[in-house]
>>> print(open('input-v7.pdb').read())   # PDB, C-alpha atoms, pLDDT in the B column
ATOM      1  CA  MET A   9    -144.182-166.488-114.217  1.00 48.00           C
ATOM      2  CA  ALA A  10    -142.352-169.647-113.105  1.00 53.00           C
ATOM      3  CA  GLY A  11    -144.803-171.741-115.123  1.00 56.00           C
ATOM      4  CA  LEU A  12    -144.076-169.709-118.246  1.00 56.00           C
ATOM      5  CA  LEU A  13    -140.325-170.212-117.873  1.00 63.00           C
ATOM      6  CA  ASN A  14    -140.885-173.961-117.662  1.00 71.00           C
ATOM      7  CA  THR A  15    -142.165-173.922-121.249  1.00 87.00           C
ATOM      8  CA  PRO A  16    -139.703-174.094-124.168  1.00 88.00           C
ATOM      9  CA  LEU A  17    -140.899-170.785-125.610  1.00 91.00           C
ATOM     10  CA  GLY A  18    -140.780-169.006-122.248  1.00 91.00           C
ATOM     11  CA  ALA A  19    -137.253-170.272-121.581  1.00 92.00           C
ATOM     12  CA  ALA A  20    -136.143-169.143-125.046  1.00 94.00           C
ATOM     13  CA  TRP A  21    -137.591-165.664-124.468  1.00 95.00           C
ATOM     14  CA  LEU A  22    -135.681-165.459-121.190  1.00 94.00           C
ATOM     15  CA  ALA A  23    -132.413-166.275-122.976  1.00 94.00           C
ATOM     16  CA  ALA A  24    -133.191-163.638-125.626  1.00 95.00           C
ATOM     17  CA  VAL A  25    -133.901-161.009-122.963  1.00 95.00           C
ATOM     18  CA  ILE A  26    -130.574-161.788-121.273  1.00 94.00           C
ATOM     19  CA  ALA A  27    -128.761-161.220-124.582  1.00 94.00           C
ATOM     20  CA  VAL A  28    -130.566-157.944-125.280  1.00 95.00           C
ATOM     21  CA  LEU A  29    -129.852-156.618-121.781  1.00 94.00           C
ATOM     22  CA  ALA A  30    -126.198-157.581-122.229  1.00 90.00           C
ATOM     23  CA  ALA A  31    -126.135-155.757-125.565  1.00 90.00           C
ATOM     24  CA  ALA A  32    -127.643-152.663-123.943  1.00 91.00           C
ATOM     25  CA  ALA A  33    -124.959-152.817-121.246  1.00 86.00           C
ATOM     26  CA  GLY A  34    -122.254-153.195-123.879  1.00 79.00           C
ATOM     27  CA  LEU A  35    -123.545-150.089-125.656  1.00 81.00           C
ATOM     28  CA  GLN A  36    -123.373-148.035-122.468  1.00 79.00           C
ATOM     29  CA  LEU A  37    -120.266-149.294-120.671  1.00 66.00           C
ATOM     30  CA  ALA A  38    -116.856-148.735-122.237  1.00 49.00           C
ATOM     31  CA  ILE A  39    -115.292-151.411-120.011  1.00 50.00           C
ATOM     32  CA  ALA A  40    -117.794-154.080-121.056  1.00 51.00           C
ATOM     33  CA  PRO A  41    -115.574-155.721-123.724  1.00 56.00           C
ATOM     34  CA  HIS A  42    -112.874-156.315-121.101  1.00 61.00           C
ATOM     35  CA  TRP A  43    -115.265-158.112-118.766  1.00 63.00           C
ATOM     36  CA  ALA A  44    -116.943-159.937-121.636  1.00 62.00           C
ATOM     37  CA  ARG A  45    -113.640-161.446-122.749  1.00 66.00           C
ATOM     38  CA  ARG A  46    -113.022-162.770-119.243  1.00 69.00           C
ATOM     39  CA  LEU A  47    -116.418-164.463-119.185  1.00 76.00           C
ATOM     40  CA  ILE A  48    -116.104-166.073-122.630  1.00 77.00           C
ATOM     41  CA  PRO A  49    -113.850-169.078-121.797  1.00 85.00           C
ATOM     42  CA  PHE A  50    -115.767-169.873-118.589  1.00 88.00           C
ATOM     43  CA  SER A  51    -119.138-169.814-120.375  1.00 85.00           C
ATOM     44  CA  ALA A  52    -117.607-171.890-123.196  1.00 86.00           C
ATOM     45  CA  GLY A  53    -116.455-174.544-120.731  1.00 90.00           C
ATOM     46  CA  LEU A  54    -119.865-174.527-119.075  1.00 90.00           C
ATOM     47  CA  LEU A  55    -121.636-174.937-122.418  1.00 89.00           C
ATOM     48  CA  ALA A  56    -119.318-177.796-123.462  1.00 92.00           C
ATOM     49  CA  GLY A  57    -119.792-179.488-120.093  1.00 91.00           C
ATOM     50  CA  ILE A  58    -123.572-179.354-120.398  1.00 91.00           C
ATOM     51  CA  VAL A  59    -123.288-181.047-123.789  1.00 92.00           C
ATOM     52  CA  LEU A  60    -120.885-183.736-122.546  1.00 92.00           C
ATOM     53  CA  PHE A  61    -122.555-184.408-119.192  1.00 90.00           C
ATOM     54  CA  GLY A  62    -126.164-183.707-120.118  1.00 89.00           C
ATOM     55  CA  ILE A  63    -127.024-183.810-123.805  1.00 90.00           C
ATOM     56  CA  LEU A  64    -124.699-186.626-124.913  1.00 92.00           C
ATOM     57  CA  PRO A  65    -125.853-189.146-122.265  1.00 90.00           C
ATOM     58  CA  GLU A  66    -129.481-188.447-123.207  1.00 85.00           C
ATOM     59  CA  LEU A  67    -128.739-188.977-126.909  1.00 89.00           C
ATOM     60  CA  VAL A  68    -126.791-192.176-126.249  1.00 90.00           C
ATOM     61  CA  GLU A  69    -129.621-193.543-124.109  1.00 86.00           C
ATOM     62  CA  GLU A  70    -132.247-192.687-126.687  1.00 83.00           C
ATOM     63  CA  ARG A  71    -130.444-193.296-129.997  1.00 87.00           C
ATOM     64  CA  GLY A  72    -127.410-195.440-129.145  1.00 89.00           C
ATOM     65  CA  ARG A  73    -123.736-194.603-128.712  1.00 91.00           C
ATOM     66  CA  TRP A  74    -122.694-194.033-132.304  1.00 93.00           C
ATOM     67  CA  PRO A  75    -125.910-192.480-133.688  1.00 91.00           C
ATOM     68  CA  GLY A  76    -126.072-190.101-130.694  1.00 90.00           C
ATOM     69  CA  THR A  77    -122.430-189.119-131.062  1.00 94.00           C
ATOM     70  CA  GLY A  78    -122.958-188.761-134.802  1.00 93.00           C
ATOM     71  CA  LEU A  79    -125.742-186.222-134.268  1.00 91.00           C
ATOM     72  CA  LEU A  80    -123.412-184.093-132.159  1.00 92.00           C
ATOM     73  CA  ALA A  81    -120.696-184.399-134.804  1.00 93.00           C
ATOM     74  CA  ALA A  82    -123.186-183.290-137.470  1.00 92.00           C
ATOM     75  CA  GLY A  83    -123.949-180.161-135.442  1.00 90.00           C
ATOM     76  CA  VAL A  84    -120.249-179.360-135.148  1.00 92.00           C
ATOM     77  CA  LEU A  85    -119.735-179.837-138.883  1.00 92.00           C
ATOM     78  CA  LEU A  86    -122.767-177.689-139.703  1.00 87.00           C
ATOM     79  CA  LEU A  87    -121.461-174.672-137.807  1.00 85.00           C
ATOM     80  CA  TRP A  88    -117.899-175.287-138.992  1.00 87.00           C
ATOM     81  CA  ALA A  89    -119.088-175.219-142.610  1.00 87.00           C
ATOM     82  CA  ILE A  90    -121.087-172.034-142.050  1.00 82.00           C
ATOM     83  CA  GLY A  91    -118.196-170.379-140.217  1.00 78.00           C
ATOM     84  CA  ARG A  92    -115.704-171.530-142.848  1.00 81.00           C
ATOM     85  CA  TRP A  93    -117.585-170.607-146.011  1.00 83.00           C
ATOM     86  CA  VAL A  94    -120.323-168.167-144.971  1.00 76.00           C
ATOM     87  CA  TYR A  95    -119.587-166.087-141.854  1.00 72.00           C
ATOM     88  CA  ALA A  96    -118.496-166.489-138.235  1.00 71.00           C
ATOM     89  CA  VAL A  97    -121.715-167.138-136.304  1.00 73.00           C
ATOM     90  CA  CYS A  98    -120.487-165.991-132.894  1.00 74.00           C
ATOM     91  CA  PRO A  99    -119.185-162.402-132.625  1.00 65.00           C
ATOM     92  CA  ALA A 100    -118.005-162.961-129.044  1.00 63.00           C
ATOM     93  CA  CYS A 101    -116.049-166.053-130.078  1.00 67.00           C
ATOM     94  CA  SER A 102    -114.445-164.802-133.267  1.00 60.00           C
ATOM     95  CA  HIS A 103    -110.649-164.558-133.306  1.00 48.00           C
ATOM     96  CA  THR A 104    -110.745-162.693-136.621  1.00 50.00           C
ATOM     97  CA  HIS A 105    -111.970-159.447-135.110  1.00 48.00           C
ATOM     98  CA  ASP A 106    -110.514-157.458-132.220  1.00 50.00           C
ATOM     99  CA  HIS A 107    -113.438-156.089-130.212  1.00 46.00           C
ATOM    100  CA  SER A 108    -111.136-153.672-128.395  1.00 47.00           C
ATOM    101  CA  LEU A 109    -110.814-151.793-131.690  1.00 44.00           C
ATOM    102  CA  CYS A 110    -114.552-151.503-132.244  1.00 46.00           C
ATOM    103  CA  ALA A 111    -114.387-147.723-132.052  1.00 45.00           C
ATOM    104  CA  ALA A 112    -113.272-147.892-135.673  1.00 42.00           C
ATOM    105  CA  SER A 113    -116.095-147.719-138.192  1.00 46.00           C
ATOM    106  CA  LEU A 114    -117.061-151.094-139.680  1.00 46.00           C
ATOM    107  CA  HIS A 115    -118.970-150.077-142.768  1.00 49.00           C
ATOM    108  CA  GLY A 116    -120.827-152.973-144.393  1.00 55.00           C
ATOM    109  CA  PHE A 117    -120.253-155.222-141.399  1.00 60.00           C
ATOM    110  CA  ALA A 118    -123.809-155.161-140.063  1.00 74.00           C
ATOM    111  CA  PRO A 119    -125.792-157.216-142.665  1.00 79.00           C
ATOM    112  CA  PRO A 120    -123.639-160.389-142.594  1.00 74.00           C
ATOM    113  CA  LEU A 121    -123.228-160.112-138.825  1.00 77.00           C
ATOM    114  CA  VAL A 122    -126.994-159.845-138.302  1.00 86.00           C
ATOM    115  CA  LEU A 123    -127.598-162.908-140.490  1.00 82.00           C
ATOM    116  CA  ALA A 124    -124.927-164.981-138.773  1.00 80.00           C
ATOM    117  CA  ALA A 125    -125.915-163.927-135.261  1.00 87.00           C
ATOM    118  CA  SER A 126    -129.564-164.676-136.058  1.00 90.00           C
ATOM    119  CA  LEU A 127    -128.598-168.215-137.082  1.00 87.00           C
ATOM    120  CA  HIS A 128    -126.674-168.578-133.828  1.00 88.00           C
ATOM    121  CA  ALA A 129    -129.671-167.343-131.830  1.00 92.00           C
ATOM    122  CA  PHE A 130    -132.018-169.624-133.794  1.00 93.00           C
ATOM    123  CA  LEU A 131    -129.921-172.679-132.909  1.00 90.00           C
ATOM    124  CA  ASP A 132    -129.870-171.546-129.272  1.00 93.00           C
ATOM    125  CA  GLY A 133    -133.660-171.602-129.307  1.00 93.00           C
ATOM    126  CA  VAL A 134    -133.762-175.020-130.964  1.00 92.00           C
ATOM    127  CA  GLY A 135    -131.424-176.399-128.306  1.00 92.00           C
ATOM    128  CA  ILE A 136    -133.400-174.903-125.416  1.00 92.00           C
ATOM    129  CA  ALA A 137    -136.699-176.301-126.709  1.00 91.00           C
ATOM    130  CA  ALA A 138    -135.311-179.706-127.653  1.00 90.00           C
ATOM    131  CA  ALA A 139    -133.735-180.143-124.217  1.00 89.00           C
ATOM    132  CA  ARG A 140    -137.121-179.595-122.584  1.00 83.00           C
ATOM    133  CA  HIS A 141    -139.069-181.911-124.867  1.00 75.00           C
ATOM    134  CA  ASP A 142    -138.929-185.505-123.590  1.00 63.00           C
ATOM    135  CA  HIS A 143    -135.704-184.831-121.669  1.00 62.00           C
ATOM    136  CA  GLY A 144    -137.112-183.390-118.464  1.00 64.00           C
ATOM    137  CA  ALA A 145    -136.562-180.240-116.465  1.00 71.00           C
ATOM    138  CA  THR A 146    -133.037-181.218-115.379  1.00 75.00           C
ATOM    139  CA  LEU A 147    -131.477-181.074-118.840  1.00 82.00           C
ATOM    140  CA  GLY A 148    -133.765-178.237-119.911  1.00 84.00           C
ATOM    141  CA  ASN A 149    -132.696-176.004-117.012  1.00 85.00           C
ATOM    142  CA  ALA A 150    -129.031-176.871-117.503  1.00 88.00           C
ATOM    143  CA  VAL A 151    -129.138-175.975-121.194  1.00 91.00           C
ATOM    144  CA  LEU A 152    -131.002-172.744-120.431  1.00 90.00           C
ATOM    145  CA  PHE A 153    -128.410-171.811-117.804  1.00 89.00           C
ATOM    146  CA  GLY A 154    -125.484-172.518-120.131  1.00 91.00           C
ATOM    147  CA  VAL A 155    -126.993-170.732-123.123  1.00 92.00           C
ATOM    148  CA  GLY A 156    -128.088-167.798-120.965  1.00 91.00           C
ATOM    149  CA  LEU A 157    -124.608-167.348-119.533  1.00 89.00           C
ATOM    150  CA  HIS A 158    -123.013-167.560-122.978  1.00 86.00           C
ATOM    151  CA  LYS A 159    -125.437-164.918-124.246  1.00 89.00           C
ATOM    152  CA  ILE A 160    -123.961-162.316-121.871  1.00 88.00           C
ATOM    153  CA  PRO A 161    -120.598-161.917-123.657  1.00 83.00           C
ATOM    154  CA  GLU A 162    -122.319-162.696-126.949  1.00 83.00           C
ATOM    155  CA  GLY A 163    -124.833-159.888-126.459  1.00 88.00           C
ATOM    156  CA  ILE A 164    -122.159-157.417-125.332  1.00 83.00           C
ATOM    157  CA  ALA A 165    -119.966-158.164-128.342  1.00 79.00           C
ATOM    158  CA  LEU A 166    -122.893-158.027-130.752  1.00 84.00           C
ATOM    159  CA  GLY A 167    -124.001-154.634-129.459  1.00 85.00           C
ATOM    160  CA  ILE A 168    -120.520-153.135-129.607  1.00 80.00           C
ATOM    161  CA  ILE A 169    -119.767-154.392-133.118  1.00 78.00           C
ATOM    162  CA  LEU A 170    -123.140-153.232-134.443  1.00 83.00           C
ATOM    163  CA  LEU A 171    -122.559-149.824-132.868  1.00 81.00           C
ATOM    164  CA  ALA A 172    -119.251-149.580-134.715  1.00 75.00           C
ATOM    165  CA  ALA A 173    -120.938-150.621-137.953  1.00 77.00           C
ATOM    166  CA  LEU A 174    -124.009-148.389-137.674  1.00 84.00           C
ATOM    167  CA  ASN A 175    -122.757-145.416-135.600  1.00 81.00           C
ATOM    168  CA  SER A 176    -126.087-145.318-133.777  1.00 86.00           C
ATOM    169  CA  ARG A 177    -126.881-146.792-130.355  1.00 88.00           C
ATOM    170  CA  ARG A 178    -130.588-146.905-131.127  1.00 91.00           C
ATOM    171  CA  ALA A 179    -130.096-148.721-134.438  1.00 91.00           C
ATOM    172  CA  ALA A 180    -127.631-151.158-132.866  1.00 90.00           C
ATOM    173  CA  LEU A 181    -130.071-151.987-130.061  1.00 93.00           C
ATOM    174  CA  VAL A 182    -132.965-152.428-132.493  1.00 94.00           C
ATOM    175  CA  TRP A 183    -130.930-154.878-134.569  1.00 94.00           C
ATOM    176  CA  CYS A 184    -129.908-156.738-131.409  1.00 94.00           C
ATOM    177  CA  LEU A 185    -133.615-157.126-130.605  1.00 96.00           C
ATOM    178  CA  ILE A 186    -134.277-158.446-134.108  1.00 95.00           C
ATOM    179  CA  VAL A 187    -131.368-160.887-133.881  1.00 94.00           C
ATOM    180  CA  GLN A 188    -132.377-162.255-130.499  1.00 96.00           C
ATOM    181  CA  ALA A 189    -135.994-162.695-131.610  1.00 96.00           C
ATOM    182  CA  ALA A 190    -134.602-165.652-133.566  1.00 96.00           C
ATOM    183  CA  THR A 191    -134.119-167.485-130.230  1.00 96.00           C
ATOM    184  CA  PRO A 192    -137.838-167.937-129.472  1.00 96.00           C
ATOM    185  CA  ALA A 193    -138.418-168.441-133.207  1.00 96.00           C
ATOM    186  CA  GLY A 194    -136.086-171.445-133.091  1.00 94.00           C
ATOM    187  CA  ALA A 195    -137.863-172.765-129.999  1.00 94.00           C
ATOM    188  CA  ALA A 196    -141.275-172.317-131.625  1.00 94.00           C
ATOM    189  CA  LEU A 197    -140.222-174.136-134.803  1.00 92.00           C
ATOM    190  CA  GLU A 198    -138.675-177.008-132.834  1.00 91.00           C
ATOM    191  CA  SER A 199    -141.866-177.321-130.769  1.00 90.00           C
ATOM    192  CA  TRP A 200    -144.039-177.295-133.903  1.00 91.00           C
ATOM    193  CA  VAL A 201    -141.940-179.930-135.659  1.00 88.00           C
ATOM    194  CA  SER A 202    -141.610-182.189-132.606  1.00 84.00           C
ATOM    195  CA  ALA A 203    -145.376-182.108-132.059  1.00 82.00           C
ATOM    196  CA  ARG A 204    -145.880-183.504-135.558  1.00 82.00           C
ATOM    197  CA  VAL A 205    -142.893-185.802-135.973  1.00 79.00           C
ATOM    198  CA  GLY A 206    -142.275-186.888-132.373  1.00 71.00           C
ATOM    199  CA  THR A 207    -139.123-187.901-130.505  1.00 68.00           C
ATOM    200  CA  THR A 208    -137.129-188.448-133.698  1.00 74.00           C
ATOM    201  CA  ALA A 209    -137.272-184.738-134.475  1.00 78.00           C
ATOM    202  CA  VAL A 210    -136.394-183.902-130.863  1.00 81.00           C
ATOM    203  CA  SER A 211    -133.296-186.103-130.989  1.00 84.00           C
ATOM    204  CA  TRP A 212    -132.139-184.586-134.256  1.00 87.00           C
ATOM    205  CA  ALA A 213    -132.745-181.045-133.008  1.00 88.00           C
ATOM    206  CA  LEU A 214    -131.003-181.677-129.689  1.00 88.00           C
ATOM    207  CA  GLY A 215    -128.062-183.398-131.368  1.00 89.00           C
ATOM    208  CA  LEU A 216    -127.536-180.668-133.954  1.00 87.00           C
ATOM    209  CA  ALA A 217    -127.938-177.895-131.384  1.00 88.00           C
ATOM    210  CA  GLY A 218    -125.623-179.699-128.945  1.00 90.00           C
ATOM    211  CA  GLY A 219    -123.020-180.041-131.673  1.00 90.00           C
ATOM    212  CA  SER A 220    -123.300-176.344-132.429  1.00 88.00           C
ATOM    213  CA  PHE A 221    -122.752-175.616-128.711  1.00 89.00           C
ATOM    214  CA  LEU A 222    -119.577-177.718-128.801  1.00 91.00           C
ATOM    215  CA  TYR A 223    -118.342-175.821-131.843  1.00 88.00           C
ATOM    216  CA  LEU A 224    -119.022-172.463-130.188  1.00 84.00           C
ATOM    217  CA  ALA A 225    -117.288-173.613-127.001  1.00 87.00           C
ATOM    218  CA  TYR A 226    -114.181-174.751-128.871  1.00 88.00           C
ATOM    219  CA  HIS A 227    -114.112-171.599-130.982  1.00 81.00           C
ATOM    220  CA  ALA A 228    -114.481-169.359-127.928  1.00 80.00           C
ATOM    221  CA  VAL A 229    -111.625-171.050-126.040  1.00 86.00           C
ATOM    222  CA  HIS A 230    -109.430-171.058-129.149  1.00 82.00           C
ATOM    223  CA  ALA A 231    -110.022-167.337-129.614  1.00 76.00           C
ATOM    224  CA  ASP A 232    -109.197-166.623-125.968  1.00 78.00           C
ATOM    225  CA  LEU A 233    -106.003-168.688-126.231  1.00 83.00           C
ATOM    226  CA  ARG A 234    -104.822-166.265-128.892  1.00 79.00           C
ATOM    227  CA  ARG A 235    -105.811-163.243-126.819  1.00 77.00           C
ATOM    228  CA  ARG A 236    -104.687-164.141-123.289  1.00 79.00           C
ATOM    229  CA  GLY A 237    -102.630-167.330-123.493  1.00 84.00           C
ATOM    230  CA  PRO A 238    -103.257-170.929-122.346  1.00 85.00           C
ATOM    231  CA  ALA A 239    -103.199-170.394-118.583  1.00 83.00           C
ATOM    232  CA  ALA A 240    -106.046-167.884-118.472  1.00 82.00           C
ATOM    233  CA  ALA A 241    -108.145-169.405-121.257  1.00 83.00           C
ATOM    234  CA  LEU A 242    -107.832-173.100-120.369  1.00 89.00           C
ATOM    235  CA  GLY A 243    -108.060-172.450-116.638  1.00 90.00           C
ATOM    236  CA  ALA A 244    -111.371-170.626-116.990  1.00 88.00           C
ATOM    237  CA  ALA A 245    -112.684-173.244-119.441  1.00 90.00           C
ATOM    238  CA  VAL A 246    -111.847-176.116-117.066  1.00 92.00           C
ATOM    239  CA  VAL A 247    -113.629-174.308-114.229  1.00 91.00           C
ATOM    240  CA  GLY A 248    -116.656-173.922-116.502  1.00 90.00           C
ATOM    241  CA  LEU A 249    -116.522-177.599-117.462  1.00 91.00           C
ATOM    242  CA  ALA A 250    -116.386-178.670-113.807  1.00 91.00           C
ATOM    243  CA  SER A 251    -119.219-176.262-112.997  1.00 89.00           C
ATOM    244  CA  ALA A 252    -121.353-177.914-115.671  1.00 88.00           C
ATOM    245  CA  ALA A 253    -120.832-181.342-114.100  1.00 86.00           C
ATOM    246  CA  LEU A 254    -121.763-179.932-110.691  1.00 87.00           C
ATOM    247  CA  LEU A 255    -124.779-178.153-112.157  1.00 82.00           C
ATOM    248  CA  GLN A 256    -126.048-181.330-113.813  1.00 79.00           C
ATOM    249  CA  HIS A 257    -125.630-183.289-110.578  1.00 75.00           C
ATOM    250  CA  SER A 258    -127.303-180.589-108.479  1.00 79.00           C
ATOM    251  CA  LEU A 259    -130.271-180.195-110.806  1.00 71.00           C
ATOM    252  CA  ALA A 260    -130.756-183.966-111.019  1.00 67.00           C
ATOM    253  CA  SER A 261    -130.663-184.264-107.222  1.00 70.00           C
ATOM    254  CA  TRP A 262    -133.062-181.343-106.810  1.00 63.00           C
ATOM    255  CA  HIS A 263    -135.618-182.765-109.239  1.00 54.00           C
ATOM    256  CA  HIS A 264    -135.446-186.196-107.623  1.00 52.00           C
TER     257      HIS A 264
END
>>> encode(input="input-v7.pdb", output="structure tokens")
Amino acid sequence: MAGLLNTPLGAAWLAAVIAVLAAAAGLQLAIAPHWARRLIPFSAGLLAGIVLFGILPELVEERGRWPGTGLLAAGVLLLWAIGRWVYAVCPACSHTHDHSLCAASLHGFAPPLVLAASLHAFLDGVGIAAARHDHGATLGNAVLFGVGLHKIPEGIALGIILLAALNSRRAALVWCLIVQAATPAGAALESWVSARVGTTAVSWALGLAGGSFLYLAYHAVHADLRRRGPAAALGAAVVGLASAALLQHSLASWHH
């Protein structure tokens, strides 16, 4: 079992399972949105910290300061463009929808949400796989931990919104399963491409995925600022950021 989780595809499946279990909990527990909102800024800070303290140094070492930073910037711009002109890719992070009002019917909301959430999950899988290819277990485990934690509020929000759109717990859970299957699909595609192109593809995949993580982290904190104010949102995000630095240091020490 441990050996399976050390593979990119196994790690991506674990992250997908976490999201589906969170969605199932969100469908059953009325208080879940309240707890999910409290976890969002912390997980956002953790995800941003893993990018800044883990992914960025690896990219700078491998590609150089400006090319490595540019890859992260490209990932941010990619998700910004999709969120600006297509659809918000993170239901837990969106400040345009109040999840506390999800009891209201959201007719027609499911198809674009499924597409956007699938893209989000796909990029999660790309990031998990790319971090494990040629970047060692330290960065791979850190990225898996950060993505897995972020998938808890993400899965809860996705389940609740789909329930409001479909009026069926079974249908909402089935669509959550379909969405999260994009996580191992992203990992499988990244593995296939990297095996044929090499470290160049890994760097591009890791940079774009890392940039998307930064975008999601910023968007999540910005949304929580509007909901709960700067003290609660920024305080939790800073704790998450510091936790990421400690996690990176602890994993590096453990593997050495």
>>> atom_distance(input="input-v7.pdb", atom1="CA of Ala150 in chain A", atom2="CA of Val122 in chain A")
27.0 Å
>>> closest_residue(input="input-v7.pdb", among="A:Ala82, A:Leu222, A:Leu233, A:Ala33", to="Ile63 in chain A", atoms="all atoms listed in the file")
A:Leu222
>>> resolve_selection(input="input-v7.pdb", expression="the PyMOL selection byres ((chain A and resi 189) around 9)", output="compact mmCIF listing (two decimals) with C-alpha atoms, in the coordinates of the input")
# COMPACT_ATOMS: atom_id res chain seq x y z
CA TRP A 21 -137.59 -165.66 -124.47
CA ALA A 24 -133.19 -163.64 -125.63
CA SER A 126 -129.56 -164.68 -136.06
CA ALA A 129 -129.67 -167.34 -131.83
CA PHE A 130 -132.02 -169.62 -133.79
CA CYS A 184 -129.91 -156.74 -131.41
CA LEU A 185 -133.62 -157.13 -130.60
CA ILE A 186 -134.28 -158.45 -134.11
CA VAL A 187 -131.37 -160.89 -133.88
CA GLN A 188 -132.38 -162.26 -130.50
CA ALA A 190 -134.60 -165.65 -133.57
CA THR A 191 -134.12 -167.48 -130.23
CA PRO A 192 -137.84 -167.94 -129.47
CA ALA A 193 -138.42 -168.44 -133.21
CA GLY A 194 -136.09 -171.44 -133.09
>>> closest_residue(input="input-v7.pdb", among="A:Ala96, A:Ala138, A:Leu181, A:Ala165", to="Pro120 in chain A", atoms="only C-alpha atoms")
A:Ala96
>>> atom_distance(input="input-v7.pdb", atom1="CA of Trp88 in chain A", atom2="CA of Arg204 in chain A")
29.4 Å
>>> atom_distance(input="input-v7.pdb", atom1="CA of Arg234 in chain A", atom2="CA of Asp132 in chain A")
25.6 Å
>>> axis_aligned_box(input="input-v7.pdb", around="range 74-92 of chain A", padding_each_side="8 Å", output="lines of an AutoDock Vina configuration file")
center_x = -120.9
center_y = -182.2
center_z = -136.8
size_x = 26.4
size_y = 39.7
size_z = 28.2
>>> resolve_selection(input="input-v7.pdb", expression="the PyMOL selection byres ((chain A and resi 76) around 12)", output="PDB file with C-alpha atoms, keeping the file's coordinate frame")
ATOM      1  CA  VAL A  59    -123.288-181.047-123.789  1.00 92.00           C
ATOM      2  CA  LEU A  60    -120.885-183.736-122.546  1.00 92.00           C
ATOM      3  CA  ILE A  63    -127.024-183.810-123.805  1.00 90.00           C
ATOM      4  CA  LEU A  64    -124.699-186.626-124.913  1.00 92.00           C
ATOM      5  CA  PRO A  65    -125.853-189.146-122.265  1.00 90.00           C
ATOM      6  CA  GLU A  66    -129.481-188.447-123.207  1.00 85.00           C
ATOM      7  CA  LEU A  67    -128.739-188.977-126.909  1.00 89.00           C
ATOM      8  CA  VAL A  68    -126.791-192.176-126.249  1.00 90.00           C
ATOM      9  CA  GLU A  69    -129.621-193.543-124.109  1.00 86.00           C
ATOM     10  CA  GLU A  70    -132.247-192.687-126.687  1.00 83.00           C
ATOM     11  CA  ARG A  71    -130.444-193.296-129.997  1.00 87.00           C
ATOM     12  CA  GLY A  72    -127.410-195.440-129.145  1.00 89.00           C
ATOM     13  CA  ARG A  73    -123.736-194.603-128.712  1.00 91.00           C
ATOM     14  CA  TRP A  74    -122.694-194.033-132.304  1.00 93.00           C
ATOM     15  CA  PRO A  75    -125.910-192.480-133.688  1.00 91.00           C
ATOM     16  CA  THR A  77    -122.430-189.119-131.062  1.00 94.00           C
ATOM     17  CA  GLY A  78    -122.958-188.761-134.802  1.00 93.00           C
ATOM     18  CA  LEU A  79    -125.742-186.222-134.268  1.00 91.00           C
ATOM     19  CA  LEU A  80    -123.412-184.093-132.159  1.00 92.00           C
ATOM     20  CA  ALA A  81    -120.696-184.399-134.804  1.00 93.00           C
ATOM     21  CA  ALA A  82    -123.186-183.290-137.470  1.00 92.00           C
ATOM     22  CA  GLY A  83    -123.949-180.161-135.442  1.00 90.00           C
ATOM     23  CA  THR A 208    -137.129-188.448-133.698  1.00 74.00           C
ATOM     24  CA  SER A 211    -133.296-186.103-130.989  1.00 84.00           C
ATOM     25  CA  TRP A 212    -132.139-184.586-134.256  1.00 87.00           C
ATOM     26  CA  ALA A 213    -132.745-181.045-133.008  1.00 88.00           C
ATOM     27  CA  LEU A 214    -131.003-181.677-129.689  1.00 88.00           C
ATOM     28  CA  GLY A 215    -128.062-183.398-131.368  1.00 89.00           C
ATOM     29  CA  LEU A 216    -127.536-180.668-133.954  1.00 87.00           C
ATOM     30  CA  GLY A 218    -125.623-179.699-128.945  1.00 90.00           C
ATOM     31  CA  GLY A 219    -123.020-180.041-131.673  1.00 90.00           C
TER      32      GLY A 219
END
>>> closest_residue(input="input-v7.pdb", among="A:Gly34, A:Gly53, A:Gly18, A:Gly167", to="Ser251 in chain A", atoms="only C-alpha atoms")
A:Gly53
>>> closest_atom_pairs(input="input-v7.pdb", of="range 25-85 of chain A", to="range 172-177 of chain A", cutoff="9 Å", atoms="all atoms listed in the file", output="Markdown table")
| residue | atom | partner | partner_atom | distance |
| --- | --- | --- | --- | --- |
| A:Ala32 | CA | A:Arg177 | CA | 8.7 |
| A:Leu35 | CA | A:Arg177 | CA | 6.6 |
| A:Gln36 | CA | A:Arg177 | CA | 8.7 |
>>> closest_residue(input="input-v7.pdb", among="A:Leu54, A:Ala89, A:Gly62, A:Arg140", to="Val210 in chain A", atoms="all atoms listed in the file")
A:Arg140
>>> residues_around(input="input-v7.pdb", residues="Ser261 in chain A", least_positions_apart="5", cutoff="10 Å", atoms="all atoms listed in the file", output="list of chain:residue names")
A:Thr146, A:Leu255, A:Gln256
>>> residues_near_point(input="input-v7.pdb", point="(-117.2, -168.0, -131.5)", cutoff="12 Å", atoms="only C-alpha atoms", output="number ranges by chain")
A: 45, 48-49, 51-52, 87-88, 90-92, 95-105, 124-125, 128, 158-159, 161-162, 165-166, 220-232
>>> closest_residue(input="input-v7.pdb", among="A:Ala250, A:Ala139, A:Ala179, A:Ala240", to="Ser202 in chain A", atoms="only C-alpha atoms")
A:Ala139
>>> resolve_selection(input="input-v7.pdb", expression="the PyMOL selection byres ((chain A and resi 26) around 10)", output="CSV table (one decimal) with C-alpha atoms, in the frame of the given file")
chain,number,residue,atom,x,y,z
A,20,ALA,CA,-136.1,-169.1,-125.0
A,21,TRP,CA,-137.6,-165.7,-124.5
A,22,LEU,CA,-135.7,-165.5,-121.2
A,23,ALA,CA,-132.4,-166.3,-123.0
A,24,ALA,CA,-133.2,-163.6,-125.6
A,25,VAL,CA,-133.9,-161.0,-123.0
A,27,ALA,CA,-128.8,-161.2,-124.6
A,28,VAL,CA,-130.6,-157.9,-125.3
A,29,LEU,CA,-129.9,-156.6,-121.8
A,30,ALA,CA,-126.2,-157.6,-122.2
A,31,ALA,CA,-126.1,-155.8,-125.6
A,32,ALA,CA,-127.6,-152.7,-123.9
A,155,VAL,CA,-127.0,-170.7,-123.1
A,156,GLY,CA,-128.1,-167.8,-121.0
A,157,LEU,CA,-124.6,-167.3,-119.5
A,158,HIS,CA,-123.0,-167.6,-123.0
A,159,LYS,CA,-125.4,-164.9,-124.2
A,160,ILE,CA,-124.0,-162.3,-121.9
A,163,GLY,CA,-124.8,-159.9,-126.5
A,188,GLN,CA,-132.4,-162.3,-130.5
